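Q: The structure file query_5.txt (compact mmCIF, C-alpha atoms) is provided below.
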# COMPACT_ATOMS: atom_id res chain seq x y z
CA THR A 1 -132.35 -75.43 -120.77
CA ALA A 2 -130.14 -72.55 -121.85
CA VAL A 3 -132.62 -70.02 -120.49
CA GLU A 4 -132.73 -71.72 -117.08
CA GLU A 5 -128.94 -71.80 -116.83
CA ALA A 6 -128.76 -68.17 -117.93
CA GLN A 7 -131.19 -67.22 -115.18
CA ARG A 8 -128.85 -68.74 -112.61
CA ALA A 9 -125.99 -66.61 -113.90
CA LEU A 10 -128.17 -63.50 -113.84
CA LEU A 11 -129.31 -64.15 -110.27
CA SER A 12 -125.68 -64.60 -109.23
CA ALA A 13 -124.75 -61.34 -110.95
CA LYS A 14 -127.51 -59.59 -109.02
CA VAL A 15 -126.17 -60.92 -105.71
CA GLU A 16 -122.66 -59.79 -106.62
CA ALA A 17 -123.77 -56.37 -107.84
CA SER A 18 -125.95 -55.69 -104.81
CA SER A 19 -123.14 -56.62 -102.43
CA ALA A 20 -120.96 -53.72 -103.59
CA ARG A 21 -121.59 -49.99 -103.49
CA HIS A 22 -122.46 -48.92 -107.03
CA GLY A 23 -122.09 -52.54 -108.11
CA LEU A 24 -122.59 -53.58 -111.70
CA GLY A 25 -123.20 -57.18 -112.73
CA ILE A 26 -122.68 -58.05 -116.38
CA VAL A 27 -123.59 -61.41 -117.90
CA LYS A 28 -122.71 -62.20 -121.51
CA LEU A 29 -124.82 -64.92 -123.10
CA MET A 30 -124.74 -66.71 -126.43
CA GLY A 31 -126.69 -65.03 -129.18
CA ARG A 32 -124.58 -63.56 -131.95
CA GLN A 33 -127.51 -63.18 -134.36
CA SER A 34 -130.47 -63.36 -131.97
CA GLY A 35 -131.09 -62.12 -128.46
CA PHE A 36 -133.80 -64.69 -127.73
CA ILE A 37 -131.96 -66.44 -124.89
CA ALA A 38 -130.75 -63.20 -123.33
CA MET A 39 -134.16 -61.55 -123.47
CA SER A 40 -136.04 -64.64 -122.27
CA ALA A 41 -133.67 -65.15 -119.35
CA SER A 42 -133.76 -61.46 -118.47
CA LEU A 43 -137.53 -61.38 -118.35
CA ALA A 44 -137.80 -64.68 -116.48
CA SER A 45 -135.22 -63.76 -113.84
CA GLY A 46 -136.79 -60.44 -112.94
CA VAL A 47 -133.43 -58.98 -111.86
CA VAL A 48 -132.06 -57.50 -115.10
CA ASP A 49 -132.07 -53.73 -115.52
CA VAL A 50 -130.74 -53.64 -119.09
CA CYS A 51 -130.75 -56.36 -121.74
CA LEU A 52 -128.69 -55.71 -124.86
CA ILE A 53 -129.53 -57.77 -127.93
CA PRO A 54 -128.26 -57.65 -131.53
CA GLU A 55 -131.68 -56.82 -132.93
CA VAL A 56 -131.79 -53.44 -131.16
CA PRO A 57 -128.97 -50.93 -131.78
CA PHE A 58 -127.95 -48.66 -128.92
CA LYS A 59 -125.72 -45.69 -128.25
CA ILE A 60 -123.05 -46.28 -125.63
CA GLU A 61 -123.45 -42.76 -124.21
CA LYS A 62 -127.18 -43.24 -123.62
CA LEU A 63 -126.56 -46.65 -122.10
CA ALA A 64 -124.01 -45.18 -119.69
CA ALA A 65 -126.38 -42.38 -118.66
CA HIS A 66 -129.23 -44.85 -118.13
CA LEU A 67 -127.01 -47.09 -116.00
CA GLN A 68 -125.92 -44.12 -113.90
CA ASP A 69 -129.58 -43.34 -113.21
CA ILE A 70 -130.33 -46.94 -112.24
CA ILE A 71 -127.30 -47.20 -109.97
CA HIS A 72 -128.12 -43.87 -108.36
CA GLU A 73 -131.67 -45.05 -107.69
CA LYS A 74 -131.07 -48.69 -106.69
CA GLY A 75 -127.41 -48.71 -105.69
CA HIS A 76 -126.55 -51.40 -108.25
CA ALA A 77 -127.48 -52.66 -111.73
CA VAL A 78 -127.48 -55.89 -113.73
CA ILE A 79 -126.88 -56.04 -117.49
CA CYS A 80 -127.50 -59.03 -119.71
CA VAL A 81 -125.67 -58.92 -123.05
CA ALA A 82 -126.24 -61.22 -126.00
CA GLU A 83 -122.85 -61.71 -127.64
CA GLY A 84 -123.93 -60.01 -130.89
CA ALA A 85 -125.16 -56.82 -129.21
CA GLY A 86 -123.29 -53.66 -130.15
CA GLN A 87 -121.38 -55.14 -133.08
CA GLU A 88 -121.98 -51.93 -135.02
CA LEU A 89 -119.89 -50.11 -132.40
CA MET A 90 -116.85 -52.13 -133.47
CA GLN A 91 -117.11 -51.67 -137.26
CA GLU A 92 -113.70 -50.05 -137.53
CA PHE A 93 -112.23 -53.36 -136.36
CA SER A 94 -114.53 -55.51 -138.50
CA ASP A 95 -111.70 -56.97 -140.57
CA GLN A 96 -110.10 -58.48 -137.47
CA THR A 97 -111.23 -61.90 -136.22
CA ASP A 98 -110.01 -64.53 -133.82
CA ALA A 99 -109.45 -68.21 -134.61
CA SER A 100 -113.19 -68.90 -134.21
CA GLY A 101 -114.18 -66.14 -136.61
CA ASN A 102 -115.39 -63.79 -133.85
Could you render the structure from this file as structure tokens?

A:
Amino acid sequence: TAVEEAQRALLSAKVEASSARHGLGIVKLMGRQSGFIAMSASLASGVVDVCLIPEVPFKIEKLAAHLQDIIHEKGHAVICVAEGAGQELMQEFSDQTDASGN
């Protein structure tokens, strides 16, 4: 399933992130309108430190500070991002789209 495949990517990101000093693994998953796959895979994998989904707005400054704390504590971090997360941060570019409408 999509969640199982996403877990594999997240586990790989964890291995990569933990192999580098202050490593950061980022996995972007499908989910423009819903973060169901990203959240389900994050919870099931047990390795994700931050999961960003479109249903929950966030401030980039607070995210950066939180990641710094995690990396300072653990030495690395893993982020799972549903593709629709943070769209409100790009509103000034909202009239621009690619060939797929993204």

Q: Find the distance between atom CA of A:Ser42 and atom CA of A:Val81 and write it in Å to one decimal.

A: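 Those two atoms sit 9.6 Å apart.
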
Q: Rounded to one decimal, what separation in Å do you get between atom CA of A:Gln91 and atom CA of A:Gly23?

A: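 Answer for the atom CA of A:Gln91 to atom CA of A:Gly23 separation: 29.6 Å.
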
Q: From the set A:Val48, A:Ile53, A:Ile79, A:Ile60, which residue has the shortest atom-to-atom contact distance to A:Phe36, counting all atoms listed in the file?

A: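 Among the listed residues, the smallest separation from A:Phe36 belongs to A:Ile53.
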
Q: Could you tell me how far atom CA of A:Gln7 lies from atom CA of A:Asp69, in Å and to one decimal?

A: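 Computing it gives 24.0 Å between the two atoms.
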
Q: Counting all atoms listed in the file, which residue out of A:Gly31, A:Leu10, A:Ala44, A:Asp49 sits closest to A:Gly75?

A: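 Under the stated criterion, the closest residue is A:Asp49.
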
Q: Please define a box with edges along x, y and z of the file around all atoms of stretch 1-4 of chain A given in the file, extend it by 5 Å on each side, and return its centre and edge lengths in Å to one decimal, as JSON.

A:
{"center_x": -131.4, "center_y": -72.7, "center_z": -119.5, "size_x": 12.6, "size_y": 15.4, "size_z": 14.8}

Q: Which one is closest to A:Leu52: A:Leu29, A:Ala20, A:Val3, A:Leu11? Count all atoms listed in the file.

A: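 Nearest candidate to A:Leu52 out of A:Leu29, A:Ala20, A:Val3, A:Leu11: A:Leu29.
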
Q: Under the rule that only C-alpha atoms are counted, which of A:Val15, A:Lys28, A:Ile71, A:Glu88 is the nearest residue to A:Val56?

A: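 That would be A:Glu88, the residue with the smallest distance to A:Val56.
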
Q: Within 7 Å of (-122.6, -59.4, -114.2) (coordinates as in the file), grab all the protein and nucleic acid residues, counting all atoms listed in the file, and write them out as a PyMOL selection string.

A: chain A and resi 10+13+24-27+78-79

Q: Please determine, counting all atoms listed in the file, which residue among A:Ala17, A:Ile37, A:Ala99, A:Ala9 has the shortest atom-to-atom distance to A:Lys74.

A: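 That would be A:Ala17, the residue with the smallest distance to A:Lys74.
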
Q: Hey, which of A:Pro54, A:Ala65, A:Met90, A:Glu16 ends up closest to A:Gln33? Count only C-alpha atoms.

A: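 Closest candidate: A:Pro54.
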
Q: Can you pull out the residues contacting A:Phe58? Cut-off 9 Å, using all atoms listed in the file, and skip same-chain residues under 5 positions away; I want them as a list of chain:residue names.

A: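 Here the qualifying residues turn out to be A:Leu52, A:Leu63, A:Ala85, A:Gly86, A:Leu89.
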
Q: Some atoms are absent from stretch 75-91 of chain A, so rebuild N, CA and C atoms and return them as a CSV table (one decimal), in the coordinates of the input.

A:
chain,number,residue,atom,x,y,z
A,75,GLY,N,-128.7,-48.4,-106.3
A,75,GLY,CA,-127.4,-48.7,-105.7
A,75,GLY,C,-126.6,-49.7,-106.5
A,76,HIS,N,-127.2,-50.4,-107.4
A,76,HIS,CA,-126.6,-51.4,-108.2
A,76,HIS,C,-127.4,-51.6,-109.5
A,77,ALA,N,-126.8,-52.4,-110.5
A,77,ALA,CA,-127.5,-52.7,-111.7
A,77,ALA,C,-127.0,-54.0,-112.3
A,78,VAL,N,-127.8,-54.6,-113.1
A,78,VAL,CA,-127.5,-55.9,-113.7
A,78,VAL,C,-127.8,-55.7,-115.2
A,79,ILE,N,-126.8,-56.1,-116.0
A,79,ILE,CA,-126.9,-56.0,-117.5
A,79,ILE,C,-126.7,-57.4,-118.0
A,80,CYS,N,-127.6,-57.8,-119.0
A,80,CYS,CA,-127.5,-59.0,-119.7
A,80,CYS,C,-127.2,-58.7,-121.2
A,81,VAL,N,-126.1,-59.3,-121.7
A,81,VAL,CA,-125.7,-58.9,-123.0
A,81,VAL,C,-125.6,-60.2,-123.9
A,82,ALA,N,-126.4,-60.2,-125.0
A,82,ALA,CA,-126.2,-61.2,-126.0
A,82,ALA,C,-125.0,-60.9,-126.8
A,83,GLU,N,-124.2,-61.9,-127.1
A,83,GLU,CA,-122.8,-61.7,-127.6
A,83,GLU,C,-122.8,-60.9,-128.9
A,84,GLY,N,-123.9,-60.8,-129.7
A,84,GLY,CA,-123.9,-60.0,-130.9
A,84,GLY,C,-124.3,-58.6,-130.7
A,85,ALA,N,-124.7,-58.2,-129.5
A,85,ALA,CA,-125.2,-56.8,-129.2
A,85,ALA,C,-124.0,-55.8,-129.4
A,86,GLY,N,-124.3,-54.7,-130.0
A,86,GLY,CA,-123.3,-53.7,-130.2
A,86,GLY,C,-122.2,-53.9,-131.2
A,87,GLN,N,-122.4,-54.9,-132.1
A,87,GLN,CA,-121.4,-55.1,-133.1
A,87,GLN,C,-121.1,-53.9,-134.0
A,88,GLU,N,-122.1,-53.1,-134.2
A,88,GLU,CA,-122.0,-51.9,-135.0
A,88,GLU,C,-121.0,-50.9,-134.4
A,89,LEU,N,-120.8,-51.0,-133.1
A,89,LEU,CA,-119.9,-50.1,-132.4
A,89,LEU,C,-118.4,-50.5,-132.7
A,90,MET,N,-118.2,-51.7,-133.2
A,90,MET,CA,-116.8,-52.1,-133.5
A,90,MET,C,-116.5,-52.2,-135.0
A,91,GLN,N,-117.3,-51.5,-135.8
A,91,GLN,CA,-117.1,-51.7,-137.3
A,91,GLN,C,-115.7,-51.3,-137.7
